Amino acid sequence: MLAEAAEDRLALASAEAQREWEAVRFRWPSEVELRKGTIALSDDDLVLMRAKVMRFVSILGAVASSND
């Protein structure tokens with residue numbers, strides 16, 4: 001749900017932020033990994049990824065609010 005919230009607002013982001021988002025999404029677990037219940041990321045990597053996504057949602061939410 002966090003990723004969807006970020007992607008919904010991504011058009012408001014700078015090109016640099018969009019590239020950073022793509023780098024985060026590149027490391028995202030695949031549908032197959034999720035179905036199997038095993039992913040190729042450590043717990044620390046998952047914590048970092050979640051923090052980055054939450055940061056994107058927060059920043060892009062602020063940008064969206066300032067554009068209203």
# chains A, B, ... in the order shown; residues from 1 in each chain; ligands from 1
call {"tool": "select_by_dssp", "arguments": {"residues": "chain A", "states": "helix (DSSP H, G or I)", "output": "ChimeraX atom specification"}}
result
/A:2-12,15-26,31-36,43-67
call {"tool": "residues_around", "arguments": {"residues": "Ala11 of chain A", "least_positions_apart": "5", "cutoff": "12 Å", "atoms": "only C-alpha atoms", "output": "JSON, numbers by chain"}}
result
{"A": [5, 6, 16, 17, 18, 19, 21, 60, 61, 63, 64]}
call {"tool": "closest_residue", "arguments": {"among": "A:Trp28, A:Ala15, A:Glu7, A:Met1", "to": "Leu48 of chain A", "atoms": "only C-alpha atoms"}}
result
A:Trp28
call {"tool": "atom_distance", "arguments": {"atom1": "atom CA of Ala23 of chain A", "atom2": "atom CA of Ala3 of chain A"}}
result
13.0 Å
call {"tool": "residues_around", "arguments": {"residues": "Arg27 of chain A", "least_positions_apart": "3", "cutoff": "9 Å", "atoms": "only C-alpha atoms", "output": "VMD selection string"}}
result
chain A and resid 22 to 24 30 41 49
call {"tool": "write_last_selection", "arguments": {"atoms": "all heavy atoms", "output": "PDB file, in the first residue's frame"}}
result
ATOM      1  N   GLU A  22      12.864   4.298  -8.972  1.00  0.00           N
ATOM      2  CA  GLU A  22      13.079   3.134  -9.836  1.00  0.00           C
ATOM      3  C   GLU A  22      14.144   2.207  -9.252  1.00  0.00           C
ATOM      4  O   GLU A  22      14.031   0.981  -9.358  1.00  0.00           O
ATOM      5  CB  GLU A  22      13.451   3.562 -11.256  1.00  0.00           C
ATOM      6  CG  GLU A  22      12.284   4.132 -12.036  1.00  0.00           C
ATOM      7  CD  GLU A  22      11.117   3.163 -12.128  1.00  0.00           C
ATOM      8  OE1 GLU A  22      11.324   1.958 -12.397  1.00  0.00           O
ATOM      9  OE2 GLU A  22       9.978   3.607 -11.919  1.00  0.00           O
ATOM     10  N   ALA A  23      15.172   2.784  -8.624  1.00  0.00           N
ATOM     11  CA  ALA A  23      16.206   1.962  -7.992  1.00  0.00           C
ATOM     12  C   ALA A  23      15.615   1.166  -6.827  1.00  0.00           C
ATOM     13  O   ALA A  23      15.955  -0.012  -6.640  1.00  0.00           O
ATOM     14  CB  ALA A  23      17.353   2.843  -7.507  1.00  0.00           C
ATOM     15  N   VAL A  24      14.724   1.777  -6.069  1.00  0.00           N
ATOM     16  CA  VAL A  24      14.053   1.068  -4.976  1.00  0.00           C
ATOM     17  C   VAL A  24      13.175  -0.033  -5.549  1.00  0.00           C
ATOM     18  O   VAL A  24      13.205  -1.181  -5.087  1.00  0.00           O
ATOM     19  CB  VAL A  24      13.221   2.046  -4.114  1.00  0.00           C
ATOM     20  CG1 VAL A  24      12.315   1.296  -3.139  1.00  0.00           C
ATOM     21  CG2 VAL A  24      14.123   3.006  -3.363  1.00  0.00           C
ATOM     22  N   SER A  30       9.908 -10.043  -6.162  1.00  0.00           N
ATOM     23  CA  SER A  30       9.023 -10.379  -7.280  1.00  0.00           C
ATOM     24  C   SER A  30       7.764 -11.067  -6.757  1.00  0.00           C
ATOM     25  O   SER A  30       7.718 -11.543  -5.622  1.00  0.00           O
ATOM     26  CB  SER A  30       9.744 -11.313  -8.254  1.00  0.00           C
ATOM     27  OG  SER A  30       9.908 -12.596  -7.663  1.00  0.00           O
ATOM     28  N   LEU A  41      16.249 -10.715   0.070  1.00  0.00           N
ATOM     29  CA  LEU A  41      16.657  -9.520   0.801  1.00  0.00           C
ATOM     30  C   LEU A  41      16.752  -9.848   2.290  1.00  0.00           C
ATOM     31  O   LEU A  41      15.944 -10.611   2.816  1.00  0.00           O
ATOM     32  CB  LEU A  41      15.634  -8.394   0.613  1.00  0.00           C
ATOM     33  CG  LEU A  41      15.472  -7.841  -0.793  1.00  0.00           C
ATOM     34  CD1 LEU A  41      14.275  -6.911  -0.854  1.00  0.00           C
ATOM     35  CD2 LEU A  41      16.721  -7.100  -1.217  1.00  0.00           C
ATOM     36  N   MET A  49      14.321  -0.493   2.830  1.00  0.00           N
ATOM     37  CA  MET A  49      13.412  -0.286   1.708  1.00  0.00           C
ATOM     38  C   MET A  49      12.096   0.328   2.194  1.00  0.00           C
ATOM     39  O   MET A  49      11.581   1.275   1.596  1.00  0.00           O
ATOM     40  CB  MET A  49      13.144  -1.597   0.988  1.00  0.00           C
ATOM     41  CG  MET A  49      12.291  -1.454  -0.254  1.00  0.00           C
ATOM     42  SD  MET A  49      12.063  -3.017  -1.097  1.00  0.00           S
ATOM     43  CE  MET A  49      13.707  -3.301  -1.722  1.00  0.00           C
TER      44      MET A  49
END
call {"tool": "atom_distance", "arguments": {"atom1": "atom CA of Lys52 of chain A", "atom2": "atom CA of Gly37 of chain A"}}
result
22.3 Å
call {"tool": "atom_distance", "arguments": {"atom1": "atom CA of Ser58 of chain A", "atom2": "atom CA of Glu20 of chain A"}}
result
14.9 Å
call {"tool": "closest_residue", "arguments": {"among": "A:Ala13, A:Asp44, A:Pro29, A:Leu34", "to": "Phe56 of chain A", "atoms": "only C-alpha atoms"}}
result
A:Ala13
